[in-house]
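Undergrad: Hey, dropping protein-v4.pdb in here, PDB, C-alpha atoms, pLDDT in the B column:
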```
MODEL        1
ATOM      1  CA  VAL E   1     181.404  97.664  87.612  1.00 52.00           C
ATOM      2  CA  VAL E   2     183.051  96.390  84.420  1.00 55.00           C
ATOM      3  CA  SER E   3     186.468  97.690  85.528  1.00 60.00           C
ATOM      4  CA  THR E   4     185.935  96.054  88.921  1.00 60.00           C
ATOM      5  CA  GLN E   5     185.222  92.702  87.296  1.00 57.00           C
ATOM      6  CA  SER E   6     188.321  92.895  85.117  1.00 61.00           C
ATOM      7  CA  THR E   7     190.453  93.999  88.065  1.00 64.00           C
ATOM      8  CA  GLY E   8     189.039  91.125  90.113  1.00 57.00           C
ATOM      9  CA  GLU E   9     190.052  88.704  87.385  1.00 64.00           C
ATOM     10  CA  LYS E  10     193.609  90.064  87.170  1.00 69.00           C
ATOM     11  CA  VAL E  11     194.588  90.748  90.790  1.00 74.00           C
ATOM     12  CA  GLY E  12     191.963  88.670  92.592  1.00 79.00           C
ATOM     13  CA  ARG E  13     188.687  89.374  94.303  1.00 81.00           C
ATOM     14  CA  LYS E  14     190.223  89.673  97.751  1.00 84.00           C
ATOM     15  CA  ALA E  15     192.758  92.330  96.710  1.00 84.00           C
ATOM     16  CA  THR E  16     190.120  94.238  94.723  1.00 84.00           C
ATOM     17  CA  PHE E  17     187.761  94.264  97.705  1.00 85.00           C
ATOM     18  CA  MET E  18     190.459  95.285 100.169  1.00 87.00           C
ATOM     19  CA  LEU E  19     191.791  98.087  97.969  1.00 87.00           C
ATOM     20  CA  SER E  20     188.324  99.434  97.167  1.00 86.00           C
ATOM     21  CA  LEU E  21     187.273  99.389 100.820  1.00 88.00           C
ATOM     22  CA  SER E  22     190.528 100.971 101.988  1.00 89.00           C
ATOM     23  CA  PHE E  23     190.254 103.785  99.455  1.00 89.00           C
ATOM     24  CA  ALA E  24     186.560 104.293 100.262  1.00 88.00           C
ATOM     25  CA  SER E  25     187.457 104.567 103.967  1.00 88.00           C
ATOM     26  CA  ILE E  26     190.188 107.072 103.161  1.00 89.00           C
ATOM     27  CA  CYS E  27     187.688 109.115 101.108  1.00 86.00           C
ATOM     28  CA  VAL E  28     185.282 109.159 104.053  1.00 85.00           C
ATOM     29  CA  LEU E  29     187.979 110.267 106.483  1.00 86.00           C
ATOM     30  CA  ILE E  30     189.270 112.971 104.103  1.00 85.00           C
ATOM     31  CA  SER E  31     185.740 114.338 103.733  1.00 83.00           C
ATOM     32  CA  ILE E  32     185.816 115.325 107.420  1.00 81.00           C
ATOM     33  CA  TYR E  33     187.416 118.588 106.352  1.00 77.00           C
ATOM     34  CA  ASP E  34     184.920 121.395 105.866  1.00 67.00           C
ATOM     35  CA  ASN E  35     185.812 122.323 102.284  1.00 74.00           C
ATOM     36  CA  THR E  36     182.608 121.695 100.320  1.00 80.00           C
ATOM     37  CA  THR E  37     184.382 121.077  96.982  1.00 82.00           C
ATOM     38  CA  SER E  38     186.749 118.445  98.366  1.00 80.00           C
ATOM     39  CA  ARG E  39     183.882 116.869 100.303  1.00 81.00           C
ATOM     40  CA  LYS E  40     181.824 116.497  97.106  1.00 83.00           C
ATOM     41  CA  VAL E  41     184.801 115.003  95.266  1.00 86.00           C
ATOM     42  CA  MET E  42     185.390 112.526  98.084  1.00 85.00           C
ATOM     43  CA  TYR E  43     181.674 111.650  98.125  1.00 79.00           C
ATOM     44  CA  GLY E  44     181.859 110.917  94.397  1.00 85.00           C
ATOM     45  CA  PHE E  45     184.920 108.688  94.756  1.00 86.00           C
ATOM     46  CA  GLY E  46     183.451 106.986  97.816  1.00 82.00           C
ATOM     47  CA  LYS E  47     180.162 106.305  96.029  1.00 81.00           C
ATOM     48  CA  ALA E  48     181.971 104.827  93.013  1.00 85.00           C
ATOM     49  CA  LEU E  49     184.084 102.631  95.279  1.00 85.00           C
ATOM     50  CA  ALA E  50     180.988 101.506  97.176  1.00 82.00           C
ATOM     51  CA  GLY E  51     179.481 100.356  93.880  1.00 82.00           C
ATOM     52  CA  ALA E  52     182.676  98.450  93.159  1.00 82.00           C
ATOM     53  CA  LEU E  53     182.485  96.857  96.600  1.00 84.00           C
ATOM     54  CA  TRP E  54     178.962  95.586  95.982  1.00 82.00           C
ATOM     55  CA  ALA E  55     179.988  94.033  92.680  1.00 81.00           C
ATOM     56  CA  VAL E  56     182.978  92.271  94.224  1.00 82.00           C
ATOM     57  CA  ILE E  57     181.268  91.073  97.413  1.00 82.00           C
ATOM     58  CA  TYR E  58     178.301  89.551  95.590  1.00 81.00           C
ATOM     59  CA  LEU E  59     180.633  87.651  93.271  1.00 81.00           C
ATOM     60  CA  TYR E  60     182.951  86.691  96.114  1.00 81.00           C
ATOM     61  CA  SER E  61     180.207  85.433  98.416  1.00 80.00           C
ATOM     62  CA  SER E  62     178.676  83.289  95.687  1.00 81.00           C
ATOM     63  CA  GLU E  63     182.063  81.704  94.943  1.00 82.00           C
ATOM     64  CA  MET E  64     183.110  81.085  98.523  1.00 83.00           C
ATOM     65  CA  TYR E  65     180.308  78.953  99.892  1.00 84.00           C
ATOM     66  CA  PRO E  66     179.837  75.292  98.966  1.00 86.00           C
ATOM     67  CA  THR E  67     176.928  74.386  96.725  1.00 83.00           C
ATOM     68  CA  LYS E  68     174.692  73.066  99.514  1.00 85.00           C
ATOM     69  CA  ILE E  69     174.791  76.303 101.506  1.00 87.00           C
ATOM     70  CA  ARG E  70     175.558  78.866  98.791  1.00 86.00           C
ATOM     71  CA  ASN E  71     172.057  80.382  98.838  1.00 87.00           C
ATOM     72  CA  LEU E  72     172.023  80.482 102.629  1.00 89.00           C
ATOM     73  CA  GLY E  73     175.444  82.167 102.825  1.00 85.00           C
ATOM     74  CA  SER E  74     174.618  84.734 100.170  1.00 84.00           C
ATOM     75  CA  GLY E  75     171.245  85.395 101.796  1.00 87.00           C
ATOM     76  CA  ILE E  76     172.772  85.977 105.222  1.00 88.00           C
ATOM     77  CA  GLY E  77     175.297  88.366 103.683  1.00 83.00           C
ATOM     78  CA  SER E  78     172.554  90.258 101.879  1.00 84.00           C
ATOM     79  CA  ALA E  79     170.410  90.412 105.032  1.00 90.00           C
ATOM     80  CA  SER E  80     173.384  91.756 106.992  1.00 86.00           C
ATOM     81  CA  ALA E  81     173.811  94.500 104.412  1.00 84.00           C
ATOM     82  CA  ARG E  82     170.137  95.425 104.742  1.00 89.00           C
ATOM     83  CA  ILE E  83     170.466  95.606 108.529  1.00 92.00           C
ATOM     84  CA  ALA E  84     173.457  97.919 108.106  1.00 85.00           C
ATOM     85  CA  ALA E  85     171.340 100.072 105.779  1.00 86.00           C
ATOM     86  CA  LEU E  86     168.730 100.318 108.542  1.00 90.00           C
ATOM     87  CA  ILE E  87     171.374 101.432 111.056  1.00 86.00           C
ATOM     88  CA  ALA E  88     172.987 104.008 108.735  1.00 82.00           C
ATOM     89  CA  PRO E  89     170.426 106.818 109.299  1.00 85.00           C
ATOM     90  CA  PHE E  90     171.087 106.656 113.032  1.00 83.00           C
ATOM     91  CA  ILE E  91     174.790 107.186 112.385  1.00 78.00           C
ATOM     92  CA  GLY E  92     173.808 110.202 110.291  1.00 74.00           C
ATOM     93  CA  ASP E  93     171.777 111.535 113.240  1.00 80.00           C
ATOM     94  CA  ALA E  94     175.050 111.796 115.158  1.00 74.00           C
ATOM     95  CA  LEU E  95     175.802 114.866 113.007  1.00 72.00           C
ATOM     96  CA  VAL E  96     173.717 116.821 115.501  1.00 76.00           C
ATOM     97  CA  THR E  97     176.116 115.879 118.293  1.00 80.00           C
ATOM     98  CA  SER E  98     179.330 116.290 116.334  1.00 80.00           C
ATOM     99  CA  PRO E  99     179.881 116.683 112.600  1.00 77.00           C
ATOM    100  CA  ILE E 100     182.931 114.397 112.739  1.00 82.00           C
ATOM    101  CA  ILE E 101     181.423 111.303 114.435  1.00 82.00           C
ATOM    102  CA  PRO E 102     179.628 109.742 111.412  1.00 81.00           C
ATOM    103  CA  TYR E 103     182.716 110.028 109.220  1.00 82.00           C
ATOM    104  CA  VAL E 104     184.962 108.498 111.870  1.00 85.00           C
ATOM    105  CA  VAL E 105     182.510 105.639 112.544  1.00 85.00           C
ATOM    106  CA  VAL E 106     182.152 104.742 108.862  1.00 84.00           C
ATOM    107  CA  GLY E 107     185.857 105.202 108.088  1.00 87.00           C
ATOM    108  CA  VAL E 108     187.038 103.105 111.032  1.00 89.00           C
ATOM    109  CA  ALA E 109     184.426 100.414 110.293  1.00 88.00           C
ATOM    110  CA  GLY E 110     185.770 100.223 106.732  1.00 88.00           C
ATOM    111  CA  PHE E 111     189.324  99.714 107.967  1.00 91.00           C
ATOM    112  CA  LEU E 112     188.167  97.053 110.438  1.00 92.00           C
ATOM    113  CA  CYS E 113     186.392  95.189 107.627  1.00 88.00           C
ATOM    114  CA  THR E 114     189.541  95.430 105.526  1.00 89.00           C
ATOM    115  CA  ALA E 115     191.581  93.978 108.386  1.00 90.00           C
ATOM    116  CA  THR E 116     189.215  91.022 108.810  1.00 88.00           C
ATOM    117  CA  PHE E 117     189.449  90.299 105.085  1.00 86.00           C
ATOM    118  CA  PHE E 118     193.095  89.252 105.560  1.00 86.00           C
ATOM    119  CA  TYR E 119     191.760  86.006 107.054  1.00 85.00           C
ATOM    120  CA  VAL E 120     189.451  85.159 104.150  1.00 84.00           C
ATOM    121  CA  PRO E 121     190.736  82.972 101.287  1.00 83.00           C
ATOM    122  CA  GLU E 122     191.071  84.109  97.687  1.00 83.00           C
ATOM    123  CA  THR E 123     188.468  82.505  95.403  1.00 80.00           C
ATOM    124  CA  GLY E 124     189.568  83.836  92.008  1.00 77.00           C
ATOM    125  CA  GLY E 125     190.799  81.199  89.589  1.00 77.00           C
ATOM    126  CA  LYS E 126     189.808  78.322  91.859  1.00 78.00           C
ATOM    127  CA  ASP E 127     187.106  75.717  91.478  1.00 81.00           C
ATOM    128  CA  LEU E 128     183.937  76.409  93.403  1.00 80.00           C
ATOM    129  CA  PRO E 129     183.658  74.274  96.541  1.00 83.00           C
ATOM    130  CA  GLN E 130     180.999  71.592  96.197  1.00 86.00           C
ATOM    131  CA  THR E 131     181.136  70.142  99.727  1.00 84.00           C
ATOM    132  CA  LEU E 132     181.864  71.427 103.207  1.00 83.00           C
ATOM    133  CA  ALA E 133     185.174  69.520 103.163  1.00 84.00           C
ATOM    134  CA  GLU E 134     186.256  71.454 100.058  1.00 82.00           C
ATOM    135  CA  PHE E 135     185.128  74.649 101.779  1.00 80.00           C
ATOM    136  CA  ASP E 136     187.371  73.832 104.756  1.00 80.00           C
ATOM    137  CA  LYS E 137     190.308  73.365 102.375  1.00 80.00           C
ATOM    138  CA  LEU E 138     189.930  76.985 101.271  1.00 76.00           C
ATOM    139  CA  PHE E 139     190.983  78.043 104.776  1.00 74.00           C
ATOM    140  CA  ASP E 140     193.720  75.410 105.117  1.00 72.00           C
ATOM    141  CA  LYS E 141     197.128  77.080 104.888  1.00 62.00           C
ATOM    142  CA  LYS E 142     199.128  73.833 104.879  1.00 57.00           C
ATOM    143  CA  PRO E 143     200.533  72.626 101.543  1.00 50.00           C
ATOM    144  CA  PRO E 144     198.937  69.490 100.069  1.00 50.00           C
ATOM    145  CA  SER E 145     200.475  66.229 101.313  1.00 53.00           C
ATOM    146  CA  ASP E 146     201.858  65.301  97.882  1.00 49.00           C
ATOM    147  CA  VAL E 147     203.900  68.542  97.675  1.00 46.00           C
ATOM    148  CA  LYS E 148     207.192  68.692  99.537  1.00 48.00           C
ATOM    149  CA  ALA E 149     207.800  71.988 101.279  1.00 44.00           C
TER
ENDMDL
END
```
Written as structure tokens, that's how I'd like the structure from this file.
TA:
Amino acid sequence: VVSTQSTGEKVGRKATFMLSLSFASICVLISIYDNTTSRKVMYGFGKALAGALWAVIYLYSSEMYPTKIRNLGSGIGSASARIAALIAPFIGDALVTSPIIPYVVVGVAGFLCTATFFYVPETGGKDLPQTLAEFDKLFDKKPPSDVKA
């Protein structure tokens, strides 16, 4: 967690999240192979990266939302994670059908989440938004009007 925080400060929260999630997805997809030693190694790396993801996403979600809705936004994110935790055992039950399905589902979902993170603004090194107007500016890709492009 400490290395994740320092990495997030140096390269940004967005890049740290995307790299951690991409590598975790790769670990899941590599663990499809039936070698028990490599599967345990990939589980270990994946578990460590999942811990890093939690540290980054909690920090990121608290920085992204404006003050008035910060608790609501963080709460919805946390509730979504709990719903995913409720669904996870059913994905594991798919092992009965095919031993590959759970790994593919989780690995592909990780890559899809990484792809959607391209559209989210970086929050590291920026002031926290206090109003919804400041929140909208996070997503604005145009340069400020006083800067000539």
Undergrad: Could you state the separation of atom CA of Leu72 of chain E and atom CA of Gly124 of chain E in Å, given to one decimal place?
TA: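 For atom CA of Leu72 of chain E relative to atom CA of Gly124 of chain E, the distance reads 20.8 Å.
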Undergrad: If the PyMOL selection byres ((chain E and resi 122) around 7) were run on this exact file, what residues would it hold? Put them as a ChimeraX atom specification.
TA: /E:12-14,120-121,123-124
Undergrad: One number please: atom CA of Val105 of chain E to atom CA of Ser20 of chain E, in Å, one decimal.
TA: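 If I compute the distance from atom CA of Val105 of chain E to atom CA of Ser20 of chain E, I get 17.6 Å.
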Undergrad: Restricting the calculation to all atoms listed in the file: of E:Phe117, E:Tyr33, E:Phe135, E:Phe90, which residue gets closest to Phe17 of chain E?
TA: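 Closest residue, counting all atoms listed in the file: E:Phe117.
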Undergrad: Could you check which of E:Gly46, E:Gly51, E:Pro102, E:Pro66 is closest to Asp127 of chain E, using all atoms listed in the file?
TA: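 Ranked by minimum distance to Asp127 of chain E, first place goes to E:Pro66.
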Undergrad: I want to know what sits within 12 Å of Ala109 of chain E, based on only C-alpha atoms, with residues of the same chain fewer than 4 positions away left out; could you give that as a ChimeraX atom specification?
TA: /E:21-22,24-26,28-29,84,91,102-105,113-116
Undergrad: Find the distance between atom CA of Gly44 of chain E and atom CA of Ser31 of chain E and write it in Å to one decimal.
TA: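 Answer for the atom CA of Gly44 of chain E to atom CA of Ser31 of chain E separation: 10.7 Å.
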Undergrad: Using only C-alpha atoms, which of E:Ile101, E:Val108, E:Met64, E:Leu95 sits nearest Glu134 of chain E?
TA: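 Counting only C-alpha atoms, the residue closest to Glu134 of chain E is E:Met64.
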Undergrad: Between E:Asn71, E:Gly125, E:Ser78, E:Tyr43, which has the minimum distance to Ile30 of chain E (counting all atoms listed in the file)?
TA: E:Tyr43
Undergrad: Evaluate the PyMOL selection byres ((chain E and resi 65) around 12) against this structure - the residues, as a PyMOL selection string, please.
TA: chain E and resi 58-64+66-77+120-121+123+127-139
